[in-house]
>>> print(open('run20.pdb').read())   # PDB, C-alpha atoms
ATOM      1  CA  MET A  21      -6.826 -88.332  20.209
ATOM      2  CA  PRO A  22      -9.683 -85.961  19.407
ATOM      3  CA  TYR A  23      -8.707 -83.908  22.440
ATOM      4  CA  LYS A  24      -5.319 -83.063  20.940
ATOM      5  CA  LYS A  25      -7.013 -81.377  17.978
ATOM      6  CA  TYR A  26      -9.250 -79.278  20.260
ATOM      7  CA  LEU A  27      -6.336 -78.507  22.550
ATOM      8  CA  LEU A  28      -4.267 -77.245  19.594
ATOM      9  CA  ILE A  29      -7.145 -75.024  18.370
ATOM     10  CA  LEU A  30      -7.701 -73.673  21.901
ATOM     11  CA  LEU A  31      -3.977 -72.920  22.273
ATOM     12  CA  CYS A  32      -3.994 -70.998  18.952
ATOM     13  CA  VAL A  33      -7.031 -68.943  20.043
ATOM     14  CA  PHE A  34      -5.357 -68.011  23.367
ATOM     15  CA  THR A  35      -2.151 -67.017  21.566
ATOM     16  CA  VAL A  36      -4.001 -64.749  19.143
ATOM     17  CA  ALA A  37      -6.008 -63.213  22.020
ATOM     18  CA  ALA A  38      -2.864 -62.608  24.088
ATOM     19  CA  VAL A  39      -1.130 -60.816  21.198
ATOM     20  CA  ALA A  40      -4.224 -58.695  20.461
ATOM     21  CA  CYS A  41      -4.558 -57.606  24.099
ATOM     22  CA  LYS A  42      -0.871 -56.746  24.521
ATOM     23  CA  LYS A  43      -0.374 -53.457  26.406
ATOM     24  CA  LYS A  44       1.175 -50.718  24.272
ATOM     25  CA  LYS A  45       4.456 -49.215  25.428
ATOM     26  CA  LYS A  46       5.221 -45.490  25.314
ATOM     27  CA  GLY A  47       6.756 -44.564  22.014
ATOM     28  CA  ASP A  48       4.648 -47.062  20.052
ATOM     29  CA  GLY A  49       2.729 -44.168  18.523
ATOM     30  CA  ASP A  50      -0.369 -44.935  20.544
ATOM     31  CA  GLY A  51       0.952 -43.613  23.860
ATOM     32  CA  ASP A  52       0.334 -40.179  25.322
ATOM     33  CA  PRO A  53      -0.351 -37.483  22.702
ATOM     34  CA  VAL A  54       2.272 -34.822  22.125
ATOM     35  CA  PRO A  55       1.147 -31.607  23.825
ATOM     36  CA  PRO A  56       0.610 -28.615  21.534
ATOM     37  CA  PRO A  57       3.233 -25.864  21.615
ATOM     38  CA  PRO A  58       2.608 -23.161  24.216
ATOM     39  CA  LYS A  59       0.258 -20.377  23.128
ATOM     40  CA  GLU A  60       1.860 -17.048  22.314
ATOM     41  CA  ALA A  61       1.494 -14.326  24.964
ATOM     42  CA  GLU A  62      -1.484 -12.037  24.381
ATOM     43  CA  LEU A  63      -0.579  -8.747  22.714
ATOM     44  CA  VAL A  64      -0.389  -5.750  25.028
ATOM     45  CA  ILE A  65      -0.515  -2.508  23.023
ATOM     46  CA  THR A  66      -0.810   1.155  24.026
ATOM     47  CA  MET A  67      -1.059   4.373  22.042
ATOM     48  CA  PRO A  68      -0.135   7.007  24.637
ATOM     49  CA  ASP A  69      -1.021  10.142  22.654
ATOM     50  CA  ILE A  70      -4.434   8.936  21.429
ATOM     51  CA  LYS A  71      -7.772   9.073  23.217
ATOM     52  CA  LEU A  72      -9.272   5.732  22.224
ATOM     53  CA  ASN A  73     -12.993   5.312  21.464
ATOM     54  CA  ARG A  74     -13.372   9.089  21.231
ATOM     55  CA  ASP A  75     -13.613  11.620  18.411
ATOM     56  CA  ASP A  76     -11.739  14.510  20.037
ATOM     57  CA  ASN A  77      -8.214  13.694  18.842
ATOM     58  CA  ALA A  78      -6.822  16.624  16.849
ATOM     59  CA  ALA A  79      -4.369  16.741  13.967
ATOM     60  CA  PRO A  80      -2.459  19.922  13.059
ATOM     61  CA  GLY A  81      -3.004  19.200   9.358
ATOM     62  CA  ALA A  82      -3.675  16.389   6.925
ATOM     63  CA  THR A  83      -1.235  14.027   8.695
ATOM     64  CA  LEU A  84      -0.858  12.830  12.277
ATOM     65  CA  GLY A  85       1.972  10.766  13.746
ATOM     66  CA  VAL A  86       0.921   8.058  16.197
ATOM     67  CA  LYS A  87       3.231   6.116  18.513
ATOM     68  CA  VAL A  88       2.341   2.442  19.076
ATOM     69  CA  ASN A  89       3.959   0.763  22.108
ATOM     70  CA  ILE A  90       4.120  -3.036  22.214
ATOM     71  CA  THR A  91       4.659  -4.197  25.804
ATOM     72  CA  SER A  92       3.866  -7.918  25.405
ATOM     73  CA  THR A  93       6.288 -10.182  27.228
ATOM     74  CA  PRO A  94       7.802 -11.772  25.286
ATOM     75  CA  LEU A  95       7.306  -9.991  21.990
ATOM     76  CA  PRO A  96       6.064 -12.191  19.132
ATOM     77  CA  LYS A  97       9.218 -13.731  17.660
ATOM     78  CA  ASP A  98       8.477 -12.628  14.068
ATOM     79  CA  GLY A  99       7.002  -9.272  15.113
ATOM     80  CA  VAL A 100       3.606  -7.723  14.430
ATOM     81  CA  THR A 101       1.822  -6.161  11.485
ATOM     82  CA  ILE A 102       0.170  -2.766  11.996
ATOM     83  CA  THR A 103      -2.661  -1.920   9.614
ATOM     84  CA  VAL A 104      -4.439   1.453   9.494
ATOM     85  CA  THR A 105      -7.828   2.029   7.888
ATOM     86  CA  ALA A 106      -9.675   5.331   7.795
ATOM     87  CA  LEU A 107     -13.140   6.488   6.774
ATOM     88  CA  ASP A 108     -14.393  10.022   6.122
ATOM     89  CA  PRO A 109     -17.664  11.187   7.765
ATOM     90  CA  ALA A 110     -19.631   9.853   4.765
ATOM     91  CA  GLY A 111     -18.141   6.371   5.288
ATOM     92  CA  GLN A 112     -15.847   6.551   2.255
ATOM     93  CA  PRO A 113     -12.367   4.976   2.633
ATOM     94  CA  ILE A 114      -9.426   7.351   2.992
ATOM     95  CA  PRO A 115      -6.218   5.910   1.467
ATOM     96  CA  GLN A 116      -3.554   5.165   4.102
ATOM     97  CA  ASN A 117      -0.004   3.837   4.063
ATOM     98  CA  ALA A 118       0.573   0.112   3.496
ATOM     99  CA  PRO A 119       0.669  -2.144   6.580
ATOM    100  CA  VAL A 120       4.021  -2.173   8.381
ATOM    101  CA  THR A 121       5.843  -5.030  10.099
ATOM    102  CA  VAL A 122       7.479  -4.174  13.420
ATOM    103  CA  THR A 123       9.868  -6.304  15.501
ATOM    104  CA  ALA A 124      10.675  -3.685  18.157
ATOM    105  CA  ASN A 125       8.790  -2.430  21.219
ATOM    106  CA  THR A 126       7.690   0.823  19.578
ATOM    107  CA  ALA A 127       6.528   1.930  16.172
ATOM    108  CA  ASP A 128       5.674   5.301  14.702
ATOM    109  CA  ILE A 129       2.879   5.269  12.152
ATOM    110  CA  SER A 130       1.391   8.156  10.190
ATOM    111  CA  LEU A 131      -2.254   8.830   9.480
ATOM    112  CA  ILE A 132      -2.443  10.589   6.103
ATOM    113  CA  ASN A 133      -5.010  12.322   3.897
ATOM    114  CA  LEU A 134      -7.151  13.448   6.855
ATOM    115  CA  PRO A 135     -10.133  15.518   5.626
ATOM    116  CA  SER A 136     -10.152  19.219   6.479
ATOM    117  CA  LEU A 137     -12.382  20.294   9.407
ATOM    118  CA  ARG A 138     -14.083  16.881   9.588
ATOM    119  CA  VAL A 139     -13.616  13.865  11.844
ATOM    120  CA  ALA A 140     -12.090  10.798  10.218
ATOM    121  CA  SER A 141     -12.825   7.408  11.802
ATOM    122  CA  ILE A 142      -9.579   5.503  12.309
ATOM    123  CA  VAL A 143      -9.054   1.798  13.001
ATOM    124  CA  VAL A 144      -5.571   0.538  13.929
ATOM    125  CA  THR A 145      -5.151  -3.239  13.951
ATOM    126  CA  VAL A 146      -2.066  -4.909  15.422
ATOM    127  CA  THR A 147      -1.660  -8.610  14.526
ATOM    128  CA  SER A 148       1.056 -11.086  15.500
ATOM    129  CA  LYS A 149       2.977 -12.519  12.531
ATOM    130  CA  ASN A 150       3.227 -15.906  14.327
ATOM    131  CA  ASP A 151      -0.408 -16.223  15.436
ATOM    132  CA  PRO A 152      -2.974 -14.362  13.283
ATOM    133  CA  THR A 153      -5.619 -14.907  15.988
ATOM    134  CA  ASN A 154      -3.524 -12.826  18.405
ATOM    135  CA  THR A 155      -4.756  -9.367  17.416
ATOM    136  CA  LYS A 156      -5.766  -6.054  18.987
ATOM    137  CA  THR A 157      -7.982  -3.430  17.336
ATOM    138  CA  PHE A 158      -8.228   0.244  18.338
ATOM    139  CA  ARG A 159     -10.843   2.769  17.179
ATOM    140  CA  PHE A 160     -10.793   6.540  17.454
ATOM    141  CA  GLY A 161     -11.643   9.706  15.536
ATOM    142  CA  VAL A 162      -9.274  12.460  14.370
ATOM    143  CA  LEU A 163     -10.192  16.033  13.415
ATOM    144  CA  ASN A 164      -7.931  17.894  10.965
ATOM    145  CA  LYS A 165      -8.063  21.437  12.402
ATOM    146  CA  VAL A 166      -6.690  23.136   9.307
ATOM    147  CA  PRO A 167      -9.237  24.446   6.738
TER     148      PRO A 167
END
>>> encode(input="run20.pdb", output="structure tokens")
Amino acid sequence: MPYKKYLLILLCVFTVAAVACKKKKKGDGDGDPVPPPPKEAELVITMPDIKLNRDDNAAPGATLGVKVNITSTPLPKDGVTITVTALDPAGQPIPQNAPVTVTANTADISLINLPSLRVASIVVTVTSKNDPTNTKTFRFGVLNKVP
């Protein structure tokens, strides 16, 4: 008779252990993790009329038009933002146009308020609207040749 009591307790312990060690099926929430979405293609940008990392770009006045070509494949689905900042030779900011959003392969931007007979330091930053870490930055100098 005492064995029946121990046998019942032993059977309960094995049942609890079997349920606790049950193998999880896919779809239980503990299966394989969901892979992250594919990373956006790296931005590929060119500015054909600008000599990058140099100060010998010339402007025929206080403004200069710059063409920005976006050749990433595929293009970011929500487009890119192009931001222009400029500094005079003393390091003071030169006001520029507000950032623009572009969804096409090319964009025309304008550098404005270029100082007369001095080189302005220009930084053009192109950033994906979908992935803010996907960005390209270009630096160059522009001389306004008109006194």
>>> residues_around(input="run20.pdb", residues="stretch 83-86 of chain A", least_positions_apart="5", cutoff="9 Å", atoms="all atoms listed in the file", output="ChimeraX atom specification")
/A:67-70,78,127-134,162,164
>>> resolve_selection(input="run20.pdb", expression="the PyMOL selection byres ((chain A and resi 96-109) around 9)", output="JSON, numbers by chain")
{"A": [60, 61, 63, 92, 93, 94, 95, 110, 111, 112, 113, 114, 115, 116, 117, 118, 119, 120, 121, 122, 123, 124, 127, 129, 130, 131, 134, 135, 138, 139, 140, 141, 142, 143, 144, 145, 146, 147, 148, 149, 150, 151]}
>>> axis_aligned_box(input="run20.pdb", around="stretch 84-92 of chain A", padding_each_side="4 Å", output="JSON")
{"center_x": 1.9, "center_y": 2.5, "center_z": 19.0, "size_x": 13.5, "size_y": 28.7, "size_z": 21.5}
>>> atom_distance(input="run20.pdb", atom1="atom CA of A:Leu163", atom2="atom CA of A:Gly81")
8.8 Å
>>> atom_distance(input="run20.pdb", atom1="atom CA of A:Leu137", atom2="atom CA of A:Pro80")
10.6 Å
